[in-house]
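Undergrad: Input file: target-v3.pdb. Contents: PDB, C-alpha atoms and all ligand atoms.
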ATOM      1  CA  MET A   1       6.038  27.497   9.223
ATOM      2  CA  SER A   2       4.759  24.737   6.939
ATOM      3  CA  ASP A   3       2.921  21.559   7.998
ATOM      4  CA  VAL A   4       5.462  19.131   6.636
ATOM      5  CA  SER A   5       8.732  19.053   4.715
ATOM      6  CA  VAL A   6       9.687  16.420   2.150
ATOM      7  CA  LEU A   7      13.358  15.675   1.455
ATOM      8  CA  GLY A   8      13.885  13.800  -1.818
ATOM      9  CA  LEU A   9      11.683  14.353  -4.853
ATOM     10  CA  GLY A  10      12.416  11.310  -6.956
ATOM     11  CA  VAL A  11       9.453   9.407  -8.374
ATOM     12  CA  MET A  12       8.229   8.389  -4.914
ATOM     13  CA  GLY A  13       9.178  11.529  -2.965
ATOM     14  CA  ALA A  14       7.453  13.730  -5.566
ATOM     15  CA  ALA A  15       4.304  11.576  -5.285
ATOM     16  CA  LEU A  16       4.366  11.982  -1.490
ATOM     17  CA  ALA A  17       4.806  15.758  -1.714
ATOM     18  CA  ARG A  18       2.110  16.033  -4.402
ATOM     19  CA  ALA A  19      -0.406  14.078  -2.315
ATOM     20  CA  LEU A  20       0.215  16.297   0.716
ATOM     21  CA  ILE A  21      -0.109  19.501  -1.348
ATOM     22  CA  ASN A  22      -3.281  18.165  -2.965
ATOM     23  CA  LYS A  23      -4.745  17.624   0.527
ATOM     24  CA  GLY A  24      -4.310  21.359   1.112
ATOM     25  CA  MET A  25      -1.252  21.202   3.367
ATOM     26  CA  ASN A  26       1.589  23.672   3.424
ATOM     27  CA  VAL A  27       4.501  21.597   2.164
ATOM     28  CA  THR A  28       8.166  22.549   2.035
ATOM     29  CA  VAL A  29      10.214  20.552  -0.445
ATOM     30  CA  TRP A  30      13.912  19.993  -1.025
ATOM     31  CA  ASN A  31      15.740  17.901  -3.590
ATOM     32  CA  ARG A  32      19.441  17.539  -4.404
ATOM     33  CA  THR A  33      18.725  18.260  -8.075
ATOM     34  CA  ALA A  34      16.928  21.561  -7.652
ATOM     35  CA  ALA A  35      15.013  21.379 -10.950
ATOM     36  CA  LYS A  36      12.797  18.606  -9.503
ATOM     37  CA  MET A  37      11.330  21.109  -7.024
ATOM     38  CA  LYS A  38       9.749  23.230  -9.787
ATOM     39  CA  PRO A  39       6.676  21.008 -10.523
ATOM     40  CA  LEU A  40       5.910  20.841  -6.793
ATOM     41  CA  VAL A  41       6.328  24.604  -6.391
ATOM     42  CA  ASP A  42       3.966  25.052  -9.349
ATOM     43  CA  LEU A  43       1.408  23.024  -7.371
ATOM     44  CA  GLY A  44       1.831  25.210  -4.287
ATOM     45  CA  GLY A  45       4.844  23.705  -2.510
ATOM     46  CA  ILE A  46       7.569  25.886  -0.991
ATOM     47  CA  ALA A  47      11.128  25.250  -2.170
ATOM     48  CA  ALA A  48      13.792  25.135   0.548
ATOM     49  CA  ARG A  49      17.309  26.201  -0.352
ATOM     50  CA  THR A  50      18.994  23.755   2.010
ATOM     51  CA  VAL A  51      18.200  20.543   3.860
ATOM     52  CA  ALA A  52      18.543  22.363   7.181
ATOM     53  CA  SER A  53      16.100  25.108   6.170
ATOM     54  CA  ALA A  54      13.619  22.434   5.020
ATOM     55  CA  ILE A  55      13.858  20.711   8.411
ATOM     56  CA  GLU A  56      13.511  24.036  10.227
ATOM     57  CA  ALA A  57      10.396  24.914   8.216
ATOM     58  CA  SER A  58       8.118  22.166   9.638
ATOM     59  CA  PRO A  59       7.564  20.126  12.812
ATOM     60  CA  LEU A  60       7.610  16.987  10.654
ATOM     61  CA  THR A  61      10.043  16.005   7.899
ATOM     62  CA  ILE A  62       9.551  13.037   5.579
ATOM     63  CA  VAL A  63      12.671  11.654   3.908
ATOM     64  CA  CYS A  64      12.456   9.546   0.761
ATOM     65  CA  VAL A  65      15.804   9.217  -0.990
ATOM     66  CA  GLY A  66      17.623   6.298  -2.603
ATOM     67  CA  ASN A  67      18.971   4.600   0.520
ATOM     68  CA  TYR A  68      19.877   5.201   4.168
ATOM     69  CA  ASP A  69      23.419   6.308   3.320
ATOM     70  CA  ASP A  70      21.876   9.119   1.249
ATOM     71  CA  THR A  71      19.720  10.076   4.244
ATOM     72  CA  ASP A  72      22.722  10.006   6.571
ATOM     73  CA  GLY A  73      24.580  12.325   4.203
ATOM     74  CA  LEU A  74      21.710  14.817   4.437
ATOM     75  CA  LEU A  75      21.216  14.633   8.203
ATOM     76  CA  GLU A  76      24.766  14.464   9.465
ATOM     77  CA  THR A  77      25.831  17.962   8.437
ATOM     78  CA  GLU A  78      26.329  20.510  11.188
ATOM     79  CA  ASP A  79      23.391  22.614   9.948
ATOM     80  CA  SER A  80      20.981  19.647   9.850
ATOM     81  CA  GLN A  81      22.054  18.538  13.316
ATOM     82  CA  LYS A  82      21.276  22.040  14.604
ATOM     83  CA  ALA A  83      17.841  22.012  12.926
ATOM     84  CA  LEU A  84      16.717  18.533  14.027
ATOM     85  CA  PRO A  85      16.292  18.680  17.839
ATOM     86  CA  GLY A  86      12.626  18.737  18.829
ATOM     87  CA  LYS A  87      11.436  17.744  15.345
ATOM     88  CA  THR A  88       9.955  14.471  14.068
ATOM     89  CA  LEU A  89      11.565  12.692  11.150
ATOM     90  CA  VAL A  90       9.782   9.953   9.201
ATOM     91  CA  GLN A  91      12.060   7.864   7.028
ATOM     92  CA  LEU A  92      10.197   6.381   4.056
ATOM     93  CA  THR A  93      13.378   5.394   2.245
ATOM     94  CA  SER A  94      13.662   1.608   1.831
ATOM     95  CA  GLY A  95      16.259   0.051   4.083
ATOM     96  CA  ARG A  96      17.221  -2.769   6.403
ATOM     97  CA  PRO A  97      16.060  -3.370  10.000
ATOM     98  CA  ALA A  98      19.592  -2.799  11.334
ATOM     99  CA  GLN A  99      19.755   0.563   9.577
ATOM    100  CA  ALA A 100      16.418   1.591  11.096
ATOM    101  CA  ARG A 101      17.718   0.715  14.566
ATOM    102  CA  GLN A 102      20.891   2.765  13.989
ATOM    103  CA  ALA A 103      18.847   5.719  12.719
ATOM    104  CA  GLU A 104      16.595   5.580  15.790
ATOM    105  CA  ALA A 105      19.603   5.496  18.134
ATOM    106  CA  ARG A 106      21.179   8.480  16.380
ATOM    107  CA  ALA A 107      17.902  10.410  16.607
ATOM    108  CA  ALA A 108      17.631   9.711  20.350
ATOM    109  CA  GLU A 109      21.182  10.987  20.816
ATOM    110  CA  ALA A 110      20.513  14.121  18.782
ATOM    111  CA  GLY A 111      17.158  14.855  20.479
ATOM    112  CA  TYR A 112      14.573  14.347  17.761
ATOM    113  CA  SER A 113      11.791  11.779  17.234
ATOM    114  CA  TYR A 114      12.264   9.143  14.574
ATOM    115  CA  LEU A 115       9.743   6.896  12.836
ATOM    116  CA  ASP A 116      10.622   4.358  10.208
ATOM    117  CA  GLY A 117       8.242   3.384   7.443
ATOM    118  CA  ALA A 118       7.873   1.111   4.457
ATOM    119  CA  ILE A 119       5.734   2.083   1.487
ATOM    120  CA  MET A 120       3.882  -0.940   0.127
ATOM    121  CA  ALA A 121       2.810   0.784  -3.075
ATOM    122  CA  TYR A 122       3.845   2.408  -6.332
ATOM    123  CA  PRO A 123       3.995   6.195  -6.616
ATOM    124  CA  ASN A 124       0.680   6.368  -8.525
ATOM    125  CA  GLN A 125      -1.044   4.685  -5.554
ATOM    126  CA  ILE A 126       0.073   7.295  -3.028
ATOM    127  CA  GLY A 127      -2.933   9.040  -1.471
ATOM    128  CA  LEU A 128      -5.422   6.238  -2.148
ATOM    129  CA  ALA A 129      -7.648   4.749   0.550
ATOM    130  CA  GLU A 130      -6.294   1.212   0.020
ATOM    131  CA  THR A 131      -2.595   2.176  -0.017
ATOM    132  CA  ILE A 132      -0.534   0.649   2.766
ATOM    133  CA  ILE A 133       2.356   2.329   4.563
ATOM    134  CA  LEU A 134       3.817   0.446   7.528
ATOM    135  CA  ILE A 135       5.182   2.553  10.383
ATOM    136  CA  GLY A 136       7.237   1.641  13.422
ATOM    137  CA  GLY A 137       8.659   3.652  16.310
ATOM    138  CA  ASN A 138       7.646   5.613  19.358
ATOM    139  CA  LEU A 139       3.851   5.721  19.865
ATOM    140  CA  ASP A 140       3.694   9.398  20.885
ATOM    141  CA  ALA A 141       5.658  10.372  17.781
ATOM    142  CA  TYR A 142       3.311   8.244  15.678
ATOM    143  CA  ASN A 143       0.189   9.770  17.258
ATOM    144  CA  GLY A 144       1.600  13.211  16.526
ATOM    145  CA  CYS A 145       1.708  12.659  12.773
ATOM    146  CA  SER A 146      -0.597   9.741  11.957
ATOM    147  CA  SER A 147      -3.430  11.896  10.625
ATOM    148  CA  LEU A 148      -1.039  13.672   8.262
ATOM    149  CA  LEU A 149       0.491  10.363   7.124
ATOM    150  CA  THR A 150      -2.990   8.983   6.445
ATOM    151  CA  SER A 151      -3.119  11.505   3.580
ATOM    152  CA  LEU A 152      -0.404   9.411   1.935
ATOM    153  CA  ALA A 153      -1.890   6.005   2.622
ATOM    154  CA  GLY A 154      -5.447   5.334   3.739
ATOM    155  CA  ASP A 155      -4.273   2.029   5.186
ATOM    156  CA  LEU A 156      -1.557   3.445   7.448
ATOM    157  CA  THR A 157      -0.495   0.602   9.745
ATOM    158  CA  TYR A 158       1.348   1.173  13.015
ATOM    159  CA  LEU A 159       3.440  -1.883  13.901
ATOM    160  CA  GLY A 160       4.452  -0.801  17.393
ATOM    161  CA  ASP A 161       7.642   0.601  18.832
ATOM    162  CA  ASN A 162       9.964  -1.984  17.273
ATOM    163  CA  ILE A 163      11.614   0.313  14.754
ATOM    164  CA  GLY A 164      12.943  -2.578  12.638
ATOM    165  CA  LEU A 165       9.513  -4.045  11.864
ATOM    166  CA  PRO A 166       8.494  -1.977   8.808
ATOM    167  CA  SER A 167      11.620  -2.936   6.865
ATOM    168  CA  THR A 168      11.404  -6.521   8.174
ATOM    169  CA  LEU A 169       7.877  -6.850   6.827
ATOM    170  CA  ASP A 170       8.833  -4.978   3.660
ATOM    171  CA  GLY A 171      11.462  -7.679   2.989
ATOM    172  CA  ALA A 172       9.038 -10.483   3.869
ATOM    173  CA  ILE A 173       6.401  -9.128   1.494
ATOM    174  CA  LEU A 174       8.853  -8.309  -1.294
ATOM    175  CA  SER A 175      10.092 -11.910  -1.034
ATOM    176  CA  ILE A 176       6.632 -13.001  -2.175
ATOM    177  CA  GLY A 177       6.890 -10.528  -5.041
ATOM    178  CA  PHE A 178      10.237 -11.834  -6.268
ATOM    179  CA  GLY A 179       9.003 -15.437  -6.471
ATOM    180  CA  PHE A 180       5.684 -14.328  -7.947
ATOM    181  CA  THR A 181       7.323 -12.197 -10.645
ATOM    182  CA  LEU A 182       9.715 -14.969 -11.659
ATOM    183  CA  GLY A 183       6.767 -17.360 -11.788
ATOM    184  CA  LEU A 184       4.831 -14.954 -14.000
ATOM    185  CA  LEU A 185       7.765 -14.600 -16.387
ATOM    186  CA  GLN A 186       8.144 -18.389 -16.537
ATOM    187  CA  GLY A 187       4.428 -18.666 -17.282
ATOM    188  CA  SER A 188       4.777 -16.064 -20.030
ATOM    189  CA  LEU A 189       7.590 -18.115 -21.604
ATOM    190  CA  ILE A 190       5.381 -21.207 -21.591
ATOM    191  CA  CYS A 191       2.477 -19.313 -23.191
ATOM    192  CA  GLU A 192       4.742 -17.748 -25.834
ATOM    193  CA  ALA A 193       6.225 -21.133 -26.773
ATOM    194  CA  GLU A 194       2.816 -22.812 -26.999
ATOM    195  CA  GLY A 195       1.198 -19.922 -28.889
ATOM    196  CA  PHE A 196      -1.203 -18.860 -26.118
ATOM    197  CA  PRO A 197      -1.439 -15.030 -26.152
ATOM    198  CA  VAL A 198       0.419 -13.609 -23.176
ATOM    199  CA  SER A 199      -2.193 -10.800 -23.077
ATOM    200  CA  ASP A 200      -4.875 -13.469 -22.431
ATOM    201  CA  TYR A 201      -2.626 -15.032 -19.772
ATOM    202  CA  ALA A 202      -2.389 -11.552 -18.177
ATOM    203  CA  GLU A 203      -6.192 -11.364 -18.030
ATOM    204  CA  ILE A 204      -6.395 -14.626 -16.059
ATOM    205  CA  ILE A 205      -3.968 -13.539 -13.320
ATOM    206  CA  PRO A 206      -6.311 -11.327 -11.211
ATOM    207  CA  SER A 207      -8.940 -14.086 -11.050
ATOM    208  CA  LEU A 208      -6.327 -16.377  -9.448
ATOM    209  CA  MET A 209      -5.603 -13.984  -6.588
ATOM    210  CA  PRO A 210      -8.235 -15.220  -4.092
ATOM    211  CA  THR A 211      -6.949 -18.804  -4.436
ATOM    212  CA  ILE A 212      -3.297 -17.765  -4.285
ATOM    213  CA  GLY A 213      -4.044 -15.533  -1.283
ATOM    214  CA  ALA A 214      -5.853 -18.303   0.597
ATOM    215  CA  GLU A 215      -3.088 -20.825  -0.180
ATOM    216  CA  GLY A 216      -0.398 -18.346   0.876
ATOM    217  CA  LYS A 217      -2.133 -17.736   4.178
ATOM    218  CA  GLN A 218      -2.427 -21.476   4.799
ATOM    219  CA  VAL A 219       1.261 -22.109   4.079
ATOM    220  CA  ALA A 220       2.407 -19.303   6.411
ATOM    221  CA  GLN A 221      -0.033 -20.470   9.122
ATOM    222  CA  LYS A 222       1.341 -24.032   8.951
ATOM    223  CA  VAL A 223       4.862 -22.610   9.327
ATOM    224  CA  ALA A 224       3.677 -20.579  12.335
ATOM    225  CA  ASP A 225       2.027 -23.677  13.879
ATOM    226  CA  GLY A 226       4.906 -26.009  13.011
ATOM    227  CA  ASN A 227       2.340 -28.619  11.935
ATOM    228  CA  TYR A 228       2.706 -29.964   8.388
ATOM    229  CA  ASP A 229       0.730 -33.202   8.687
ATOM    230  CA  ASN A 230      -2.651 -32.346   7.180
ATOM    231  CA  THR A 231      -2.272 -31.587   3.523
ATOM    232  CA  GLU A 232      -4.241 -31.413   0.315
ATOM    233  CA  ALA A 233      -1.053 -31.224  -1.743
ATOM    234  CA  SER A 234       2.069 -32.866  -0.375
ATOM    235  CA  LEU A 235       5.634 -31.849  -1.042
ATOM    236  CA  SER A 236       6.089 -34.889  -3.292
ATOM    237  CA  THR A 237       2.967 -33.958  -5.323
ATOM    238  CA  TYR A 238       4.379 -30.460  -5.839
ATOM    239  CA  SER A 239       7.780 -31.861  -6.675
ATOM    240  CA  GLN A 240       6.473 -34.333  -9.254
ATOM    241  CA  PHE A 241       4.500 -31.632 -11.028
ATOM    242  CA  LEU A 242       7.497 -29.312 -10.971
ATOM    243  CA  ASP A 243       9.762 -31.949 -12.502
ATOM    244  CA  SER A 244       7.156 -32.641 -15.179
ATOM    245  CA  LEU A 245       7.065 -28.915 -15.941
ATOM    246  CA  ILE A 246      10.847 -28.899 -16.329
ATOM    247  CA  THR A 247      10.446 -31.718 -18.868
ATOM    248  CA  THR A 248       7.833 -29.601 -20.693
ATOM    249  CA  CYS A 249      10.283 -26.690 -20.819
ATOM    250  CA  GLY A 250      12.876 -28.977 -22.440
ATOM    251  CA  GLU A 251      10.299 -30.173 -24.968
ATOM    252  CA  ILE A 252       9.280 -26.650 -25.962
ATOM    253  CA  ASN A 253      12.856 -25.384 -25.737
ATOM    254  CA  ILE A 254      12.514 -22.602 -23.166
ATOM    255  CA  ASN A 255      14.579 -21.497 -20.196
ATOM    256  CA  ASP A 256      13.922 -23.453 -16.968
ATOM    257  CA  ASP A 257      16.503 -21.931 -14.562
ATOM    258  CA  PHE A 258      13.859 -20.745 -12.091
ATOM    259  CA  LEU A 259      12.052 -24.099 -12.044
ATOM    260  CA  ARG A 260      15.310 -26.038 -11.645
ATOM    261  CA  PHE A 261      16.244 -23.864  -8.683
ATOM    262  CA  ALA A 262      12.842 -24.571  -7.083
ATOM    263  CA  SER A 263      13.149 -28.277  -7.893
ATOM    264  CA  LYS A 264      16.516 -28.442  -6.134
ATOM    265  CA  LEU A 265      14.932 -27.055  -2.953
ATOM    266  CA  PHE A 266      11.944 -29.417  -3.209
ATOM    267  CA  HIS A 267      14.218 -32.436  -3.633
ATOM    268  CA  ARG A 268      16.227 -31.387  -0.606
ATOM    269  CA  GLY A 269      12.973 -31.467   1.388
ATOM    270  CA  MET A 270      12.084 -34.897  -0.002
ATOM    271  CA  ASP A 271      15.578 -36.229   0.779
ATOM    272  CA  ALA A 272      15.077 -35.019   4.352
ATOM    273  CA  GLY A 273      11.951 -37.204   4.561
ATOM    274  CA  TYR A 274       9.214 -34.558   4.255
ATOM    275  CA  GLY A 275       7.705 -35.824   0.988
ATOM    276  CA  ASP A 276       4.394 -36.943   2.488
ATOM    277  CA  GLN A 277       3.929 -33.728   4.453
ATOM    278  CA  ASP A 278       2.443 -30.452   3.322
ATOM    279  CA  VAL A 279       4.613 -28.382   0.967
ATOM    280  CA  SER A 280       5.129 -25.911   3.847
ATOM    281  CA  ALA A 281       7.270 -28.600   5.544
ATOM    282  CA  LEU A 282      10.034 -27.421   3.211
ATOM    283  CA  ILE A 283      10.715 -24.577   5.660
ATOM    284  CA  GLN A 284      12.490 -27.129   7.856
ATOM    285  CA  THR A 285      15.227 -27.583   5.278
ATOM    286  CA  LEU A 286      15.314 -23.874   4.394
ATOM    287  CA  ARG A 287      16.035 -23.002   8.043
ATOM    288  CA  ARG A 288      19.348 -24.781   7.908
TER
HETATM  289  P1  LIG B 301      14.316   7.787  -7.503
HETATM  290  O1  LIG B 301      13.265   8.265  -8.427
HETATM  291  O2  LIG B 301      15.567   7.231  -8.065
HETATM  292  O3  LIG B 301      14.685   8.994  -6.543
HETATM  293  C1  LIG B 301      15.792   8.946  -5.695
HETATM  294  C2  LIG B 301      15.791  10.221  -4.881
HETATM  295  O4  LIG B 301      16.883  10.157  -3.972
HETATM  296  C3  LIG B 301      15.993  11.481  -5.726
HETATM  297  O5  LIG B 301      15.299  12.544  -5.126
HETATM  298  C4  LIG B 301      17.507  11.687  -5.608
HETATM  299  O6  LIG B 301      17.917  13.024  -5.810
HETATM  300  C5  LIG B 301      17.703  11.314  -4.165
HETATM  301  N1  LIG B 301      19.081  10.980  -3.861
HETATM  302  C6  LIG B 301      19.788   9.909  -4.275
HETATM  303  N2  LIG B 301      21.046   9.950  -3.773
HETATM  304  C7  LIG B 301      21.102  11.073  -3.020
HETATM  305  C8  LIG B 301      22.124  11.666  -2.247
HETATM  306  N3  LIG B 301      23.328  11.097  -2.117
HETATM  307  N4  LIG B 301      21.846  12.825  -1.608
HETATM  308  C9  LIG B 301      20.630  13.399  -1.722
HETATM  309  N5  LIG B 301      19.612  12.897  -2.447
HETATM  310  C10 LIG B 301      19.865  11.740  -3.077
HETATM  311  O7  LIG B 301      13.757   6.661  -6.518
HETATM  312  P2  LIG B 301      12.276   6.521  -5.934
HETATM  313  O8  LIG B 301      11.537   5.534  -6.758
HETATM  314  O9  LIG B 301      11.700   7.863  -5.669
HETATM  315  O10 LIG B 301      12.604   5.784  -4.566
HETATM  316  C11 LIG B 301      12.921   6.511  -3.381
HETATM  317  C12 LIG B 301      12.803   5.543  -2.201
HETATM  318  O11 LIG B 301      11.448   5.079  -2.130
HETATM  319  C13 LIG B 301      13.697   4.305  -2.354
HETATM  320  O12 LIG B 301      14.252   3.963  -1.122
HETATM  321  C14 LIG B 301      12.730   3.255  -2.825
HETATM  322  O13 LIG B 301      13.128   1.942  -2.489
HETATM  323  C15 LIG B 301      11.462   3.655  -2.064
HETATM  324  N6  LIG B 301      10.268   3.090  -2.704
HETATM  325  C16 LIG B 301      10.026   3.311  -4.017
HETATM  326  C17 LIG B 301       8.922   2.738  -4.612
HETATM  327  C18 LIG B 301       8.618   2.950  -6.069
HETATM  328  O14 LIG B 301       7.723   2.266  -6.587
HETATM  329  N7  LIG B 301       9.289   3.862  -6.750
HETATM  330  C19 LIG B 301       8.050   1.940  -3.833
HETATM  331  C20 LIG B 301       8.304   1.752  -2.485
HETATM  332  C21 LIG B 301       9.429   2.333  -1.925
HETATM  333  P3  LIG B 301      18.258  13.544  -7.290
HETATM  334  O15 LIG B 301      16.941  13.878  -7.916
HETATM  335  O16 LIG B 301      19.127  14.712  -7.053
HETATM  336  O17 LIG B 301      18.977  12.416  -8.003
END
Go ahead and render the structure in this file as structure tokens.

TA:
Amino acid sequence: MSDVSVLGLGVMGAALARALINKGMNVTVWNRTAAKMKPLVDLGGIAARTVASAIEASPLTIVCVGNYDDTDGLLETEDSQKALPGKTLVQLTSGRPAQARQAEARAAEAGYSYLDGAIMAYPNQIGLAETIILIGGNLDAYNGCSSLLTSLAGDLTYLGDNIGLPSTLDGAILSIGFGFTLGLLQGSLICEAEGFPVSDYAEIIPSLMPTIGAEGKQVAQKVADGNYDNTEASLSTYSQFLDSLITTCGEININDDFLRFASKLFHRGMDAGYGDQDVSALIQTLRR
């Protein structure tokens, strides 16, 4: 019997298995493309010949494949269904809240415990003290494997028994990332066009994080409170600067698609009469 089995040894699954092996655990591994098991076996992992034998080998199985349909394909075979009852399965594949709820219902029907998780990190951060993995699901199941999962992420965060919460929060946090990344690329375009080294721009970014973090918290808190009256930077101030930036982009002949999209949303908020309120007041038009 091993301590844990890992199904899926892509970039992330291999990092998970490696971290567990490096912590001295007995780890059974399985991957569709068998060759990816070799580096883990070289480290001390045990290769399983089938998904069902991997599940049978440990009380706990971690799945990290491309998407939930891939997971379903692995778990819905007759052999897997025979192996699963009484076990705990932790899904670390990215998915949607509705898929997590379906997976939990199927697990209850089949007689095994199910936890759903979201990895808030890159593979090279797996195993670090500051790495965050969000987990949702039954508390007893969580208590049964939390110390093992802490080997993967020092900042393991249990969100309660609402199984949809990890993927909900994953989406909410990734939403910040999408806007942030597009903003960074726009900034890089501006620097390139004006001859400011993008490598120097890159150096400035980390020093901005405390301010961006504090501002982000304030915006979300105003949304939570529903109070947009007190502001240091109104929606119309933001909007005017944004429109001036779009003019700059025209003058230096660079793409402004992202800024125009943002400007359209800001103007919708102004047209709705929120110009004098905090920029967070924009949520009222986004809700519609
Ligand atoms: P990846 O390198 O592309 O690996 C995908 C894994 O899924 C491989 O093991 C692949 O097997 C397996 N797979 C795909 N389709 C399958 C199927 N139909 N049946 C069985 N196995 C199948 O992707 P990854 O980066 O490891 O990501 C895995 C999961 O972690 C994703 O849900 C991703 O969103 C999540 N995640 C990744 C990161 C990251 O930074 N990489 C961060 C957070 C979360 P083969 O080797 O046989 O193709």

Undergrad: Taking all atoms listed in the file into account, which residues are within 9 Å of ligand LIG 301 (chain B), as number ranges by chain?

TA: A: 7-15, 30-36, 63-74, 92-95, 118-124

Undergrad: Do you know which residues the PyMOL selection byres (((chain A and resi 153) around 6) and not hetatm) returns on this file, as a PyMOL selection string?

TA: chain A and resi 127-128+131-133+150-152+154-156

Undergrad: What gap, in Å, lies between atom CA of A:Leu89 and atom CA of A:Gly164?

TA: 15.4 Å

Undergrad: Excluding same-chain residues fewer than 5 positions from stretch 55-61 of chain A, what lies within 9 Å of it counting all atoms listed in the file, as number ranges by chain?

TA: A: 1-7, 27-28, 48, 50, 80, 83-84, 86-91, 145

Undergrad: Let me know the residues the PyMOL selection byres (((chain A and resi 261-268) around 10) and not hetatm) catches in the file above, as a list in words.

TA: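 Selected by the PyMOL selection byres (((chain A and resi 261-268) around 10) and not hetatm) in this file: Gly179, Leu235, Ser236, Tyr238, Ser239, Gln240, Phe241, Leu242, Asp243, Ile246, Asp256, Asp257, Phe258, Leu259, Arg260, Gly269, Met270, Asp271, Ala272, Gly273, Tyr274, Gly275, Val279, Ala281, Leu282, Ile283, Thr285 and Leu286 of chain A.
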
Undergrad: Name the closest residue to A:Leu20 among the candidates A:Gln186, A:Ser244, A:Ser147, A:Gln99; distances are taken between atoms, counting all atoms listed in the file.

TA: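 For A:Leu20, the nearest of the given residues is A:Ser147.
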
Undergrad: Report the distance between atom CA of A:Ile62 and atom CA of A:Leu16 in Å, rounded to one decimal place.

TA: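 That distance, rounded to one decimal, is 8.8 Å.
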